[in-house]
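For reference, the structure discussed in these notes is given below.
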Amino acid sequence: MPAARKKRRSHKPTRSSLLASLKQVRLVASDVDGVLTDAGMYYSESGDEWKKFNTRDGMGIKLLQRAGLITALVTMEQAKLVVRRAEKLAVPEVYLGVQDKLAVLRELAAKHGLTLRQVAYIGDDVNDLEALKAVGFSAAPSDGVPPVLKVVDYVCRKKGGEGAVREVADLILLARDGRVT
């Protein structure tokens with residue numbers, strides 16, 4: 001099997017190359033913990049697990065869907081909370097317990113007749129690195145780990161769980177239509 005296409009990111013892309021990459025995006029996939037959440041894991045005394053999701057990120061996902069883009073969540077976690085959030089947002093592609101995120105992105109691209117250049121991925125930690133390096137557009141929340149911040153095309157102004165996904169959604173919509181809905 002051929003090795004993953006490695007991008008050389010010794011410098012950040014120019015505005016025009018960034019816009020060109022964003023215009024090609026047809027599928028937007030995101031990690032969950034640290035991207036859609038603040039990376040905190042909250043547990044009650046009774047053992048319940050809680051996560052805080054940002055409603056603006058949710059609206060960003062809905063706006064992408066309305067613009068005809070496919071949305072996906074890809075996470076190592078196996079939390080029912082993620083499934084509930086995905087159902088509320090009508091995210092059609094949800095992958096839990098994923099060890100190899102790049103393999104899932106390849107599968108998703110093939111399933112929808114896309115290339116990896118047409119995939120955007122948002123991740124924040126070292127388990128996202130291979131996926132981030134392989135896709136057409138990669139982004140990370142501002143509080144992502146340093147190795148991730150070094151390889152992505154775009155570092156958000158917002159932190160994970162505080163609107164980073166909405167920020168990326170707005171960029172994609174602006175590149176496609178010249179406006180944010």
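If you're wondering about the labels, chains in the structure tokens are A, B, ... by order shown, residues count from 1 in each chain, ligands from 1 in order shown.
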Contact check, stretch 24-127 of chain A to stretch 171-175 of chain A, at most 10 Å, counting only C-alpha atoms, closest pairs as CSV:
residue,atom,partner,partner_atom,distance
A:Gln24,CA,A:Ile172,CA,9.2
A:Val25,CA,A:Ile172,CA,7.5
A:Arg26,CA,A:Ile172,CA,9.6
A:Val28,CA,A:Ile172,CA,9.4
A:Gly60,CA,A:Leu173,CA,9.6
A:Leu63,CA,A:Leu173,CA,8.3
A:Leu64,CA,A:Leu173,CA,7.3
A:Ala67,CA,A:Leu173,CA,7.8
A:Leu69,CA,A:Leu173,CA,9.9
A:Ala120,CA,A:Ile172,CA,9.2
With 9 Å as the cut-off and only C-alpha atoms counted, what is the closest atom pair between each nearby residue of stretch 16-112 of chain A and stretch 159-169 of chain A? Distances in Å to one decimal, ordered by chain and number, as a tab-separated table.
residue	atom	partner	partner_atom	distance
A:Val28	CA	A:Ala169	CA	8.6
A:Ser30	CA	A:Val165	CA	8.0
A:Val32	CA	A:Gly161	CA	8.9
A:Asp33	CA	A:Gly160	CA	8.0
A:Gly34	CA	A:Gly160	CA	4.9
A:Val35	CA	A:Gly160	CA	4.1
A:Leu36	CA	A:Gly161	CA	4.7
A:Thr37	CA	A:Gly161	CA	3.8
A:Asp38	CA	A:Gly161	CA	4.3
A:Ala39	CA	A:Gly160	CA	7.1
A:Lys52	CA	A:Gly161	CA	7.3
A:Phe53	CA	A:Gly161	CA	6.0
A:Asn54	CA	A:Gly161	CA	5.6
A:Thr55	CA	A:Gly163	CA	8.3
A:Arg56	CA	A:Gly163	CA	5.9
A:Asp57	CA	A:Arg166	CA	4.5
A:Gly58	CA	A:Arg166	CA	7.5
A:Met59	CA	A:Arg166	CA	7.1
A:Gly60	CA	A:Arg166	CA	4.4
A:Ile61	CA	A:Ala169	CA	6.9
A:Leu63	CA	A:Ala169	CA	7.5
A:Leu64	CA	A:Ala169	CA	6.4
Quick one: write out the picked residues with N, CA and C atoms as a PDB file, in the first residue's frame?
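Wrote it out as again-v4.pdb, contents follow:
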ATOM      1  N   VAL A  28     -15.882  17.747   5.633  1.00  0.00           N
ATOM      2  CA  VAL A  28     -15.209  18.324   6.794  1.00  0.00           C
ATOM      3  C   VAL A  28     -15.342  17.339   7.942  1.00  0.00           C
ATOM      4  N   SER A  30     -13.896  16.200  11.892  1.00  0.00           N
ATOM      5  CA  SER A  30     -13.328  16.789  13.099  1.00  0.00           C
ATOM      6  C   SER A  30     -13.126  15.734  14.166  1.00  0.00           C
ATOM      7  N   VAL A  32     -13.074  15.171  18.271  1.00  0.00           N
ATOM      8  CA  VAL A  32     -14.065  15.665  19.228  1.00  0.00           C
ATOM      9  C   VAL A  32     -13.379  16.307  20.434  1.00  0.00           C
ATOM     10  N   ASP A  33     -12.725  15.503  21.260  1.00  0.00           N
ATOM     11  CA  ASP A  33     -12.114  16.024  22.484  1.00  0.00           C
ATOM     12  C   ASP A  33     -10.951  16.951  22.156  1.00  0.00           C
ATOM     13  N   GLY A  34     -11.044  18.175  22.620  1.00  0.00           N
ATOM     14  CA  GLY A  34     -10.022  19.176  22.345  1.00  0.00           C
ATOM     15  C   GLY A  34     -10.314  20.014  21.119  1.00  0.00           C
ATOM     16  N   VAL A  35     -11.326  19.621  20.347  1.00  0.00           N
ATOM     17  CA  VAL A  35     -11.724  20.397  19.164  1.00  0.00           C
ATOM     18  C   VAL A  35     -13.168  20.875  19.346  1.00  0.00           C
ATOM     19  N   LEU A  36     -14.095  19.944  19.427  1.00  0.00           N
ATOM     20  CA  LEU A  36     -15.485  20.301  19.708  1.00  0.00           C
ATOM     21  C   LEU A  36     -15.723  20.506  21.204  1.00  0.00           C
ATOM     22  N   THR A  37     -14.796  20.041  22.028  1.00  0.00           N
ATOM     23  CA  THR A  37     -14.869  20.267  23.475  1.00  0.00           C
ATOM     24  C   THR A  37     -13.583  20.946  23.914  1.00  0.00           C
ATOM     25  N   ASP A  38     -13.543  21.339  25.170  1.00  0.00           N
ATOM     26  CA  ASP A  38     -12.358  22.014  25.710  1.00  0.00           C
ATOM     27  C   ASP A  38     -11.275  21.038  26.172  1.00  0.00           C
ATOM     28  N   ALA A  39     -11.405  19.775  25.828  1.00  0.00           N
ATOM     29  CA  ALA A  39     -10.466  18.706  26.181  1.00  0.00           C
ATOM     30  C   ALA A  39     -10.621  18.252  27.622  1.00  0.00           C
ATOM     31  N   LYS A  52     -18.665  19.454  27.494  1.00  0.00           N
ATOM     32  CA  LYS A  52     -19.297  20.723  27.114  1.00  0.00           C
ATOM     33  C   LYS A  52     -19.033  20.964  25.640  1.00  0.00           C
ATOM     34  N   PHE A  53     -20.095  21.099  24.858  1.00  0.00           N
ATOM     35  CA  PHE A  53     -20.007  21.412  23.442  1.00  0.00           C
ATOM     36  C   PHE A  53     -20.441  22.865  23.238  1.00  0.00           C
ATOM     37  N   ASN A  54     -19.819  23.532  22.289  1.00  0.00           N
ATOM     38  CA  ASN A  54     -20.122  24.924  21.997  1.00  0.00           C
ATOM     39  C   ASN A  54     -21.215  24.983  20.925  1.00  0.00           C
ATOM     40  N   THR A  55     -22.270  25.735  21.194  1.00  0.00           N
ATOM     41  CA  THR A  55     -23.379  25.798  20.229  1.00  0.00           C
ATOM     42  C   THR A  55     -22.968  26.487  18.933  1.00  0.00           C
ATOM     43  N   ARG A  56     -21.991  27.390  18.981  1.00  0.00           N
ATOM     44  CA  ARG A  56     -21.534  28.036  17.744  1.00  0.00           C
ATOM     45  C   ARG A  56     -20.833  27.042  16.832  1.00  0.00           C
ATOM     46  N   ASP A  57     -20.084  26.109  17.425  1.00  0.00           N
ATOM     47  CA  ASP A  57     -19.497  25.043  16.618  1.00  0.00           C
ATOM     48  C   ASP A  57     -20.599  24.216  15.958  1.00  0.00           C
ATOM     49  N   GLY A  58     -21.651  23.947  16.714  1.00  0.00           N
ATOM     50  CA  GLY A  58     -22.783  23.204  16.163  1.00  0.00           C
ATOM     51  C   GLY A  58     -23.419  23.924  14.995  1.00  0.00           C
ATOM     52  N   MET A  59     -23.582  25.234  15.119  1.00  0.00           N
ATOM     53  CA  MET A  59     -24.143  26.013  14.012  1.00  0.00           C
ATOM     54  C   MET A  59     -23.199  25.995  12.814  1.00  0.00           C
ATOM     55  N   GLY A  60     -21.898  26.035  13.060  1.00  0.00           N
ATOM     56  CA  GLY A  60     -20.935  25.938  11.963  1.00  0.00           C
ATOM     57  C   GLY A  60     -21.102  24.637  11.189  1.00  0.00           C
ATOM     58  N   ILE A  61     -21.299  23.551  11.907  1.00  0.00           N
ATOM     59  CA  ILE A  61     -21.524  22.243  11.263  1.00  0.00           C
ATOM     60  C   ILE A  61     -22.817  22.290  10.452  1.00  0.00           C
ATOM     61  N   LEU A  63     -24.236  24.909   9.112  1.00  0.00           N
ATOM     62  CA  LEU A  63     -24.033  25.770   7.942  1.00  0.00           C
ATOM     63  C   LEU A  63     -23.262  25.033   6.846  1.00  0.00           C
ATOM     64  N   LEU A  64     -22.279  24.245   7.226  1.00  0.00           N
ATOM     65  CA  LEU A  64     -21.552  23.431   6.239  1.00  0.00           C
ATOM     66  C   LEU A  64     -22.500  22.452   5.557  1.00  0.00           C
TER      67      LEU A  64
END
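The spacing separating atom CA of A:Leu81 from atom CA of A:Asp143 amounts to 22.6 Å.
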Tell me which protein, DNA and RNA residues are within 7 Å of stretch 128-141 of chain A, counting only C-alpha atoms, leaving out same-chain ones fewer than 2 positions away, and put them as a ChimeraX atom specification.
/A:4-7,21-22,35,101-102,116-126,143-144,148-149,151-156,158-160,164
Just the selected residues (C-alpha atoms), exported as an mmCIF file, in the first residue's frame, please.
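Output contents, as saved in selection_2.cif:
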data_model
loop_
_atom_site.group_PDB
_atom_site.id
_atom_site.type_symbol
_atom_site.label_atom_id
_atom_site.label_comp_id
_atom_site.auth_asym_id
_atom_site.auth_seq_id
_atom_site.Cartn_x
_atom_site.Cartn_y
_atom_site.Cartn_z
ATOM 1 C CA ALA A 4 0.377 8.605 2.972
ATOM 2 C CA ARG A 5 1.008 11.699 0.922
ATOM 3 C CA LYS A 6 3.217 13.884 3.087
ATOM 4 C CA LYS A 7 2.856 17.612 2.854
ATOM 5 C CA SER A 21 -7.458 24.541 -0.768
ATOM 6 C CA LEU A 22 -10.609 25.688 1.013
ATOM 7 C CA VAL A 35 -11.724 20.397 19.164
ATOM 8 C CA LYS A 101 -7.851 8.354 11.809
ATOM 9 C CA LEU A 102 -6.147 8.573 8.419
ATOM 10 C CA LEU A 116 -8.075 13.395 0.314
ATOM 11 C CA ARG A 117 -7.415 16.840 -1.229
ATOM 12 C CA GLN A 118 -11.171 17.444 -0.935
ATOM 13 C CA VAL A 119 -11.165 16.641 2.783
ATOM 14 C CA ALA A 120 -10.671 19.123 5.608
ATOM 15 C CA TYR A 121 -9.714 17.792 9.016
ATOM 16 C CA ILE A 122 -9.582 19.582 12.360
ATOM 17 C CA GLY A 123 -7.482 17.986 15.087
ATOM 18 C CA ASP A 124 -5.572 19.005 18.179
ATOM 19 C CA ASP A 125 -3.272 16.233 19.385
ATOM 20 C CA VAL A 126 -0.550 13.837 18.252
ATOM 21 C CA ASP A 143 -4.577 25.401 22.128
ATOM 22 C CA GLY A 144 -3.601 22.320 20.109
ATOM 23 C CA VAL A 148 0.080 19.730 15.575
ATOM 24 C CA LEU A 149 0.320 23.519 15.388
ATOM 25 C CA VAL A 151 1.984 20.990 10.597
ATOM 26 C CA VAL A 152 -1.507 22.403 10.041
ATOM 27 C CA ASP A 153 -2.478 24.804 7.275
ATOM 28 C CA TYR A 154 -4.420 26.977 9.693
ATOM 29 C CA VAL A 155 -4.230 27.624 13.436
ATOM 30 C CA CYS A 156 -7.539 28.959 14.707
ATOM 31 C CA LYS A 158 -10.263 30.140 19.015
ATOM 32 C CA LYS A 159 -9.501 27.318 21.431
ATOM 33 C CA GLY A 160 -11.061 23.873 21.320
ATOM 34 C CA ALA A 164 -12.674 26.738 16.565
#
Looking only at strand (DSSP E) from DSSP on the backbone, list the matching residues of stretch 2-181 of chain A as a PyMOL selection string.
chain A and resi 27-30+42-43+49-50+70-74+93-95+119-122+137-140+154-155
Can you pull out every residue within 7 Å of A:Tyr42, counting only C-alpha atoms, but drop anything in the same chain fewer than 3 positions away, and send it as a PDB file with N, CA and C atoms, in the first residue's frame?
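The file below, out_27.pdb, is the result:
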ATOM      1  N   GLU A  49     -20.337  10.809  32.866  1.00  0.00           N
ATOM      2  CA  GLU A  49     -19.336  11.600  32.154  1.00  0.00           C
ATOM      3  C   GLU A  49     -20.038  12.739  31.446  1.00  0.00           C
ATOM      4  N   TRP A  50     -19.433  13.927  31.517  1.00  0.00           N
ATOM      5  CA  TRP A  50     -19.994  15.108  30.869  1.00  0.00           C
ATOM      6  C   TRP A  50     -18.963  15.726  29.950  1.00  0.00           C
ATOM      7  N   LYS A  51     -19.445  16.330  28.892  1.00  0.00           N
ATOM      8  CA  LYS A  51     -18.611  17.111  27.986  1.00  0.00           C
ATOM      9  C   LYS A  51     -19.391  18.378  27.653  1.00  0.00           C
TER      10      LYS A  51
END
Determine the nearest neighbour of A:Ala72 from the options A:Ala29, A:Ala90, A:Leu114, A:Leu18, counting only C-alpha atoms.
A:Ala29
As a PyMOL selection string, which residues of stretch 37-146 of chain A does DSSP assign to alpha helix (DSSP H)?
chain A and resi 55-66+80-89+101-111+129-134+146
Would you put the residues from that selection into a file with N, CA and C atoms, as a CSV table (one decimal), in the first residue's frame?
chain,number,residue,atom,x,y,z
A,55,THR,N,-22.3,25.7,21.2
A,55,THR,CA,-23.4,25.8,20.2
A,55,THR,C,-23.0,26.5,18.9
A,56,ARG,N,-22.0,27.4,19.0
A,56,ARG,CA,-21.5,28.0,17.7
A,56,ARG,C,-20.8,27.0,16.8
A,57,ASP,N,-20.1,26.1,17.4
A,57,ASP,CA,-19.5,25.0,16.6
A,57,ASP,C,-20.6,24.2,16.0
A,58,GLY,N,-21.7,23.9,16.7
A,58,GLY,CA,-22.8,23.2,16.2
A,58,GLY,C,-23.4,23.9,15.0
A,59,MET,N,-23.6,25.2,15.1
A,59,MET,CA,-24.1,26.0,14.0
A,59,MET,C,-23.2,26.0,12.8
A,60,GLY,N,-21.9,26.0,13.1
A,60,GLY,CA,-20.9,25.9,12.0
A,60,GLY,C,-21.1,24.6,11.2
A,61,ILE,N,-21.3,23.6,11.9
A,61,ILE,CA,-21.5,22.2,11.3
A,61,ILE,C,-22.8,22.3,10.5
A,62,LYS,N,-23.9,22.9,11.0
A,62,LYS,CA,-25.1,22.9,10.3
A,62,LYS,C,-25.0,23.8,9.0
A,63,LEU,N,-24.2,24.9,9.1
A,63,LEU,CA,-24.0,25.8,7.9
A,63,LEU,C,-23.3,25.0,6.8
A,64,LEU,N,-22.3,24.2,7.2
A,64,LEU,CA,-21.6,23.4,6.2
A,64,LEU,C,-22.5,22.5,5.6
A,65,GLN,N,-23.3,21.8,6.3
A,65,GLN,CA,-24.3,20.8,5.8
A,65,GLN,C,-25.3,21.5,4.8
A,66,ARG,N,-25.8,22.7,5.2
A,66,ARG,CA,-26.7,23.5,4.3
A,66,ARG,C,-26.0,23.9,3.0
A,80,LYS,N,-21.1,7.7,24.5
A,80,LYS,CA,-22.4,7.9,24.0
A,80,LYS,C,-22.8,9.4,23.8
A,81,LEU,N,-22.1,10.2,24.6
A,81,LEU,CA,-22.4,11.7,24.4
A,81,LEU,C,-22.1,12.1,23.0
A,82,VAL,N,-21.0,11.6,22.4
A,82,VAL,CA,-20.6,12.0,21.1
A,82,VAL,C,-21.7,11.6,20.1
A,83,VAL,N,-22.3,10.4,20.3
A,83,VAL,CA,-23.3,10.0,19.4
A,83,VAL,C,-24.5,10.9,19.5
A,84,ARG,N,-24.9,11.2,20.8
A,84,ARG,CA,-26.0,12.1,21.0
A,84,ARG,C,-25.8,13.5,20.4
A,85,ARG,N,-24.6,14.0,20.5
A,85,ARG,CA,-24.3,15.3,19.9
A,85,ARG,C,-24.4,15.2,18.4
A,86,ALA,N,-23.8,14.2,17.8
A,86,ALA,CA,-23.9,14.0,16.4
A,86,ALA,C,-25.3,13.8,15.9
A,87,GLU,N,-26.1,13.1,16.6
A,87,GLU,CA,-27.5,12.9,16.2
A,87,GLU,C,-28.3,14.3,16.2
A,88,LYS,N,-28.0,15.1,17.2
A,88,LYS,CA,-28.6,16.4,17.3
A,88,LYS,C,-28.3,17.3,16.1
A,89,LEU,N,-27.0,17.2,15.7
A,89,LEU,CA,-26.5,18.0,14.6
A,89,LEU,C,-26.7,17.3,13.2
A,101,LYS,N,-6.9,7.4,12.4
A,101,LYS,CA,-7.9,8.4,11.8
A,101,LYS,C,-7.6,8.6,10.3
A,102,LEU,N,-6.4,8.4,9.9
A,102,LEU,CA,-6.1,8.6,8.4
A,102,LEU,C,-6.9,7.5,7.6
A,103,ALA,N,-6.9,6.3,8.2
A,103,ALA,CA,-7.5,5.2,7.5
A,103,ALA,C,-9.0,5.5,7.4
A,104,VAL,N,-9.6,6.0,8.4
A,104,VAL,CA,-11.1,6.4,8.4
A,104,VAL,C,-11.3,7.5,7.3
A,105,LEU,N,-10.4,8.5,7.3
A,105,LEU,CA,-10.6,9.6,6.3
A,105,LEU,C,-10.5,9.0,4.9
A,106,ARG,N,-9.5,8.1,4.7
A,106,ARG,CA,-9.4,7.5,3.3
A,106,ARG,C,-10.7,6.7,3.0
A,107,GLU,N,-11.2,6.0,3.9
A,107,GLU,CA,-12.5,5.3,3.7
A,107,GLU,C,-13.6,6.2,3.4
A,108,LEU,N,-13.7,7.3,4.2
A,108,LEU,CA,-14.8,8.3,3.9
A,108,LEU,C,-14.7,8.9,2.6
A,109,ALA,N,-13.5,9.3,2.2
A,109,ALA,CA,-13.2,9.9,0.9
A,109,ALA,C,-13.7,8.9,-0.2
A,110,ALA,N,-13.2,7.7,-0.1
A,110,ALA,CA,-13.6,6.7,-1.1
A,110,ALA,C,-15.1,6.5,-1.2
A,111,LYS,N,-15.7,6.4,0.0
A,111,LYS,CA,-17.2,6.2,0.1
A,111,LYS,C,-18.0,7.3,-0.7
A,129,LEU,N,-2.0,13.7,13.9
A,129,LEU,CA,-1.0,14.2,13.0
A,129,LEU,C,-1.0,13.6,11.6
A,130,GLU,N,-1.1,12.3,11.5
A,130,GLU,CA,-1.0,11.7,10.1
A,130,GLU,C,-2.2,12.1,9.3
A,131,ALA,N,-3.4,12.2,9.9
A,131,ALA,CA,-4.6,12.7,9.2
A,131,ALA,C,-4.4,14.1,8.8
A,132,LEU,N,-3.9,14.9,9.6
A,132,LEU,CA,-3.7,16.4,9.3
A,132,LEU,C,-2.7,16.6,8.2
A,133,LYS,N,-1.7,15.7,8.1
A,133,LYS,CA,-0.7,15.9,7.1
A,133,LYS,C,-1.2,15.4,5.7
A,134,ALA,N,-2.2,14.5,5.7
A,134,ALA,CA,-2.6,13.9,4.5
A,134,ALA,C,-3.8,14.6,3.7
A,146,PRO,N,1.9,21.6,20.4
A,146,PRO,CA,2.8,22.2,19.5
A,146,PRO,C,3.1,21.3,18.2
